[in-house]
>>> print(open('model06.cif').read())   # mmCIF, N, CA and C atoms, pLDDT in the B column; chains and numbers go by the auth columns
data_coords
#
loop_
_atom_site.group_PDB
_atom_site.id
_atom_site.type_symbol
_atom_site.label_atom_id
_atom_site.label_comp_id
_atom_site.label_asym_id
_atom_site.label_seq_id
_atom_site.Cartn_x
_atom_site.Cartn_y
_atom_site.Cartn_z
_atom_site.B_iso_or_equiv
_atom_site.auth_seq_id
_atom_site.auth_asym_id
ATOM 1 N N MET A 1 11.667 8.597 -2.075 44.00 131 A
ATOM 2 C CA MET A 1 10.604 7.616 -2.127 44.00 131 A
ATOM 3 C C MET A 1 11.047 6.438 -2.973 44.00 131 A
ATOM 4 N N MET A 2 11.954 5.738 -2.457 53.00 132 A
ATOM 5 C CA MET A 2 12.628 4.695 -3.183 53.00 132 A
ATOM 6 C C MET A 2 11.733 3.519 -3.556 53.00 132 A
ATOM 7 N N PHE A 3 10.801 3.118 -2.717 57.00 133 A
ATOM 8 C CA PHE A 3 9.999 1.932 -2.976 57.00 133 A
ATOM 9 C C PHE A 3 8.537 2.238 -3.262 57.00 133 A
ATOM 10 N N GLN A 4 8.240 3.440 -3.667 66.00 134 A
ATOM 11 C CA GLN A 4 6.856 3.824 -3.872 66.00 134 A
ATOM 12 C C GLN A 4 6.174 2.931 -4.905 66.00 134 A
ATOM 13 N N GLY A 5 6.879 2.504 -5.930 82.00 135 A
ATOM 14 C CA GLY A 5 6.305 1.611 -6.931 82.00 135 A
ATOM 15 C C GLY A 5 5.884 0.300 -6.304 82.00 135 A
ATOM 16 N N ASN A 6 6.670 -0.189 -5.362 91.00 136 A
ATOM 17 C CA ASN A 6 6.338 -1.425 -4.661 91.00 136 A
ATOM 18 C C ASN A 6 5.071 -1.252 -3.838 91.00 136 A
ATOM 19 N N ALA A 7 4.912 -0.114 -3.211 93.00 137 A
ATOM 20 C CA ALA A 7 3.718 0.153 -2.414 93.00 137 A
ATOM 21 C C ALA A 7 2.483 0.205 -3.309 93.00 137 A
ATOM 22 N N LYS A 8 2.599 0.859 -4.437 94.00 138 A
ATOM 23 C CA LYS A 8 1.479 0.934 -5.385 94.00 138 A
ATOM 24 C C LYS A 8 1.153 -0.451 -5.931 94.00 138 A
ATOM 25 N N ALA A 9 2.189 -1.251 -6.198 94.00 139 A
ATOM 26 C CA ALA A 9 1.976 -2.610 -6.703 94.00 139 A
ATOM 27 C C ALA A 9 1.196 -3.441 -5.682 94.00 139 A
ATOM 28 N N LYS A 10 1.510 -3.285 -4.398 95.00 140 A
ATOM 29 C CA LYS A 10 0.773 -4.002 -3.353 95.00 140 A
ATOM 30 C C LYS A 10 -0.696 -3.587 -3.349 95.00 140 A
ATOM 31 N N GLN A 11 -0.924 -2.301 -3.522 96.00 141 A
ATOM 32 C CA GLN A 11 -2.302 -1.809 -3.521 96.00 141 A
ATOM 33 C C GLN A 11 -3.081 -2.383 -4.709 96.00 141 A
ATOM 34 N N ILE A 12 -2.454 -2.398 -5.868 96.00 142 A
ATOM 35 C CA ILE A 12 -3.113 -2.915 -7.067 96.00 142 A
ATOM 36 C C ILE A 12 -3.352 -4.417 -6.939 96.00 142 A
ATOM 37 N N LYS A 13 -2.348 -5.139 -6.468 97.00 143 A
ATOM 38 C CA LYS A 13 -2.483 -6.584 -6.285 97.00 143 A
ATOM 39 C C LYS A 13 -3.606 -6.882 -5.292 97.00 143 A
ATOM 40 N N GLY A 14 -3.679 -6.102 -4.234 97.00 144 A
ATOM 41 C CA GLY A 14 -4.739 -6.277 -3.250 97.00 144 A
ATOM 42 C C GLY A 14 -6.115 -6.013 -3.833 97.00 144 A
ATOM 43 N N LYS A 15 -6.220 -4.995 -4.681 97.00 145 A
ATOM 44 C CA LYS A 15 -7.497 -4.666 -5.316 97.00 145 A
ATOM 45 C C LYS A 15 -7.944 -5.808 -6.223 97.00 145 A
ATOM 46 N N VAL A 16 -6.995 -6.384 -6.955 98.00 146 A
ATOM 47 C CA VAL A 16 -7.316 -7.513 -7.832 98.00 146 A
ATOM 48 C C VAL A 16 -7.796 -8.699 -6.992 98.00 146 A
ATOM 49 N N LYS A 17 -7.069 -8.986 -5.907 97.00 147 A
ATOM 50 C CA LYS A 17 -7.469 -10.088 -5.017 97.00 147 A
ATOM 51 C C LYS A 17 -8.868 -9.868 -4.462 97.00 147 A
ATOM 52 N N GLU A 18 -9.117 -8.649 -4.017 97.00 148 A
ATOM 53 C CA GLU A 18 -10.428 -8.333 -3.460 97.00 148 A
ATOM 54 C C GLU A 18 -11.521 -8.549 -4.508 97.00 148 A
ATOM 55 N N SER A 19 -11.277 -8.099 -5.721 98.00 149 A
ATOM 56 C CA SER A 19 -12.254 -8.251 -6.806 98.00 149 A
ATOM 57 C C SER A 19 -12.495 -9.714 -7.146 98.00 149 A
ATOM 58 N N VAL A 20 -11.424 -10.497 -7.186 98.00 150 A
ATOM 59 C CA VAL A 20 -11.557 -11.930 -7.459 98.00 150 A
ATOM 60 C C VAL A 20 -12.363 -12.592 -6.345 98.00 150 A
ATOM 61 N N GLY A 21 -12.074 -12.211 -5.114 97.00 151 A
ATOM 62 C CA GLY A 21 -12.821 -12.750 -3.988 97.00 151 A
ATOM 63 C C GLY A 21 -14.299 -12.435 -4.076 97.00 151 A
ATOM 64 N N LYS A 22 -14.612 -11.209 -4.484 97.00 152 A
ATOM 65 C CA LYS A 22 -16.022 -10.831 -4.647 97.00 152 A
ATOM 66 C C LYS A 22 -16.678 -11.665 -5.744 97.00 152 A
ATOM 67 N N ALA A 23 -15.972 -11.808 -6.862 98.00 153 A
ATOM 68 C CA ALA A 23 -16.521 -12.557 -7.996 98.00 153 A
ATOM 69 C C ALA A 23 -16.757 -14.018 -7.636 98.00 153 A
ATOM 70 N N LEU A 24 -15.870 -14.584 -6.830 97.00 154 A
ATOM 71 C CA LEU A 24 -15.992 -15.990 -6.446 97.00 154 A
ATOM 72 C C LEU A 24 -16.852 -16.190 -5.199 97.00 154 A
ATOM 73 N N GLY A 25 -17.181 -15.103 -4.529 97.00 155 A
ATOM 74 C CA GLY A 25 -17.938 -15.199 -3.291 97.00 155 A
ATOM 75 C C GLY A 25 -17.093 -15.718 -2.138 97.00 155 A
ATOM 76 N N ASP A 26 -15.788 -15.527 -2.243 97.00 156 A
ATOM 77 C CA ASP A 26 -14.849 -16.012 -1.224 97.00 156 A
ATOM 78 C C ASP A 26 -14.434 -14.844 -0.330 97.00 156 A
ATOM 79 N N THR A 27 -15.026 -14.784 0.847 97.00 157 A
ATOM 80 C CA THR A 27 -14.763 -13.644 1.730 97.00 157 A
ATOM 81 C C THR A 27 -13.334 -13.640 2.262 97.00 157 A
ATOM 82 N N SER A 28 -12.705 -14.803 2.404 98.00 158 A
ATOM 83 C CA SER A 28 -11.324 -14.815 2.912 98.00 158 A
ATOM 84 C C SER A 28 -10.370 -14.198 1.895 98.00 158 A
ATOM 85 N N VAL A 29 -10.607 -14.429 0.612 98.00 159 A
ATOM 86 C CA VAL A 29 -9.772 -13.812 -0.431 98.00 159 A
ATOM 87 C C VAL A 29 -10.045 -12.313 -0.476 98.00 159 A
ATOM 88 N N GLN A 30 -11.305 -11.927 -0.307 98.00 160 A
ATOM 89 C CA GLN A 30 -11.646 -10.502 -0.264 98.00 160 A
ATOM 90 C C GLN A 30 -10.899 -9.807 0.867 98.00 160 A
ATOM 91 N N ARG A 31 -10.940 -10.405 2.059 98.00 161 A
ATOM 92 C CA ARG A 31 -10.264 -9.809 3.214 98.00 161 A
ATOM 93 C C ARG A 31 -8.756 -9.743 3.003 98.00 161 A
ATOM 94 N N ALA A 32 -8.191 -10.796 2.427 98.00 162 A
ATOM 95 C CA ALA A 32 -6.748 -10.811 2.167 98.00 162 A
ATOM 96 C C ALA A 32 -6.381 -9.690 1.195 98.00 162 A
ATOM 97 N N GLY A 33 -7.212 -9.483 0.199 98.00 163 A
ATOM 98 C CA GLY A 33 -6.974 -8.400 -0.757 98.00 163 A
ATOM 99 C C GLY A 33 -7.058 -7.039 -0.102 98.00 163 A
ATOM 100 N N ARG A 34 -8.035 -6.867 0.752 98.00 164 A
ATOM 101 C CA ARG A 34 -8.201 -5.585 1.454 98.00 164 A
ATOM 102 C C ARG A 34 -7.006 -5.324 2.371 98.00 164 A
ATOM 103 N N ARG A 35 -6.555 -6.375 3.081 98.00 165 A
ATOM 104 C CA ARG A 35 -5.378 -6.219 3.949 98.00 165 A
ATOM 105 C C ARG A 35 -4.154 -5.820 3.132 98.00 165 A
ATOM 106 N N GLU A 36 -3.985 -6.435 1.980 97.00 166 A
ATOM 107 C CA GLU A 36 -2.830 -6.104 1.153 97.00 166 A
ATOM 108 C C GLU A 36 -2.893 -4.659 0.664 97.00 166 A
ATOM 109 N N GLN A 37 -4.081 -4.204 0.327 98.00 167 A
ATOM 110 C CA GLN A 37 -4.248 -2.805 -0.074 98.00 167 A
ATOM 111 C C GLN A 37 -3.862 -1.868 1.062 98.00 167 A
ATOM 112 N N LEU A 38 -4.321 -2.190 2.253 98.00 168 A
ATOM 113 C CA LEU A 38 -4.028 -1.346 3.410 98.00 168 A
ATOM 114 C C LEU A 38 -2.536 -1.341 3.737 98.00 168 A
ATOM 115 N N ARG A 39 -1.885 -2.485 3.609 97.00 169 A
ATOM 116 C CA ARG A 39 -0.434 -2.546 3.839 97.00 169 A
ATOM 117 C C ARG A 39 0.305 -1.688 2.822 97.00 169 A
ATOM 118 N N GLY A 40 -0.129 -1.749 1.567 96.00 170 A
ATOM 119 C CA GLY A 40 0.487 -0.924 0.538 96.00 170 A
ATOM 120 C C GLY A 40 0.301 0.550 0.808 96.00 170 A
ATOM 121 N N LYS A 41 -0.890 0.924 1.242 97.00 171 A
ATOM 122 C CA LYS A 41 -1.172 2.333 1.560 97.00 171 A
ATOM 123 C C LYS A 41 -0.334 2.790 2.754 97.00 171 A
ATOM 124 N N ALA A 42 -0.237 1.933 3.770 97.00 172 A
ATOM 125 C CA ALA A 42 0.572 2.272 4.943 97.00 172 A
ATOM 126 C C ALA A 42 2.039 2.428 4.559 97.00 172 A
ATOM 127 N N GLN A 43 2.525 1.540 3.707 95.00 173 A
ATOM 128 C CA GLN A 43 3.912 1.616 3.254 95.00 173 A
ATOM 129 C C GLN A 43 4.139 2.914 2.478 95.00 173 A
ATOM 130 N N GLU A 44 3.191 3.261 1.629 95.00 174 A
ATOM 131 C CA GLU A 44 3.305 4.496 0.848 95.00 174 A
ATOM 132 C C GLU A 44 3.348 5.721 1.766 95.00 174 A
ATOM 133 N N MET A 45 2.481 5.756 2.762 96.00 175 A
ATOM 134 C CA MET A 45 2.437 6.886 3.682 96.00 175 A
ATOM 135 C C MET A 45 3.729 6.974 4.503 96.00 175 A
ATOM 136 N N THR A 46 4.253 5.835 4.918 95.00 176 A
ATOM 137 C CA THR A 46 5.502 5.805 5.676 95.00 176 A
ATOM 138 C C THR A 46 6.654 6.339 4.826 95.00 176 A
ATOM 139 N N GLU A 47 6.689 5.916 3.566 93.00 177 A
ATOM 140 C CA GLU A 47 7.751 6.384 2.671 93.00 177 A
ATOM 141 C C GLU A 47 7.666 7.888 2.445 93.00 177 A
ATOM 142 N N LYS A 48 6.453 8.407 2.302 93.00 178 A
ATOM 143 C CA LYS A 48 6.281 9.849 2.107 93.00 178 A
ATOM 144 C C LYS A 48 6.735 10.615 3.348 93.00 178 A
ATOM 145 N N ALA A 49 6.355 10.133 4.521 95.00 179 A
ATOM 146 C CA ALA A 49 6.745 10.796 5.771 95.00 179 A
ATOM 147 C C ALA A 49 8.260 10.755 5.951 95.00 179 A
ATOM 148 N N THR A 50 8.870 9.640 5.617 94.00 180 A
ATOM 149 C CA THR A 50 10.321 9.508 5.723 94.00 180 A
ATOM 150 C C THR A 50 11.018 10.485 4.779 94.00 180 A
ATOM 151 N N ALA A 51 10.513 10.584 3.568 92.00 181 A
ATOM 152 C CA ALA A 51 11.101 11.506 2.588 92.00 181 A
ATOM 153 C C ALA A 51 10.993 12.952 3.072 92.00 181 A
ATOM 154 N N ARG A 52 9.851 13.313 3.650 93.00 182 A
ATOM 155 C CA ARG A 52 9.676 14.680 4.165 93.00 182 A
ATOM 156 C C ARG A 52 10.629 14.952 5.326 93.00 182 A
ATOM 157 N N ALA A 53 10.756 13.967 6.204 94.00 183 A
ATOM 158 C CA ALA A 53 11.660 14.137 7.339 94.00 183 A
ATOM 159 C C ALA A 53 13.100 14.312 6.863 94.00 183 A
ATOM 160 N N ARG A 54 13.486 13.580 5.849 93.00 184 A
ATOM 161 C CA ARG A 54 14.839 13.714 5.295 93.00 184 A
ATOM 162 C C ARG A 54 15.045 15.094 4.690 93.00 184 A
ATOM 163 N N GLN A 55 14.019 15.629 4.030 91.00 185 A
ATOM 164 C CA GLN A 55 14.118 16.966 3.459 91.00 185 A
ATOM 165 C C GLN A 55 14.293 18.007 4.552 91.00 185 A
ATOM 166 N N TRP A 56 13.545 17.875 5.616 90.00 186 A
ATOM 167 C CA TRP A 56 13.639 18.844 6.718 90.00 186 A
ATOM 168 C C TRP A 56 14.994 18.804 7.377 90.00 186 A
ATOM 169 N N THR A 57 15.580 17.622 7.511 89.00 187 A
ATOM 170 C CA THR A 57 16.856 17.510 8.202 89.00 187 A
ATOM 171 C C THR A 57 18.025 17.970 7.317 89.00 187 A
ATOM 172 N N LYS A 58 17.810 18.107 6.025 82.00 188 A
ATOM 173 C CA LYS A 58 18.863 18.580 5.137 82.00 188 A
ATOM 174 C C LYS A 58 19.034 20.084 5.221 82.00 188 A
ATOM 175 N N HIS A 59 18.000 20.777 5.619 63.00 189 A
ATOM 176 C CA HIS A 59 18.060 22.261 5.628 63.00 189 A
ATOM 177 C C HIS A 59 18.721 22.750 6.863 63.00 189 A
#
>>> encode(input="model06.cif", output="structure tokens")
Amino acid sequence: MMFQGNAKAKQIKGKVKESVGKALGDTSVQRAGRREQLRGKAQEMTEKATARARQWTKH
């Protein structure tokens, strides 16, 4: 899981963006933050699946 920190950072950055958007009443910033969170989560899940597949192929 080489880039897991990067995936978590995207999720956190997205959460901050979403919160700022809510505070400012800016729905486009909220949506951008939510998209970034989802991309980070997808990246994290992909990395986990890749790591598992690599473990299975080593045995």
>>> resolve_selection(input="model06.cif", expression="the PyMOL selection byres ((chain A and resi 174) around 8)", output="NGL selection string")
:A and (133-138 or 168-173 or 175-180)
>>> atom_distance(input="model06.cif", atom1="atom CA of Glu166 of chain A", atom2="atom CA of Lys143 of chain A")
7.5 Å
>>> resolve_selection(input="model06.cif", expression="the PyMOL selection byres ((chain A and resi 164) around 8)", output="list in words")
Lys143, Gly144, Lys145, Val146, Lys147, Glu148, Ser149, Ser158, Val159, Gln160, Arg161, Ala162, Gly163, Arg165, Glu166, Gln167, Leu168, Arg169 and Gly170 of chain A
>>> atom_distance(input="model06.cif", atom1="atom C of Gln141 of chain A", atom2="atom C of Thr157 of chain A")
16.7 Å
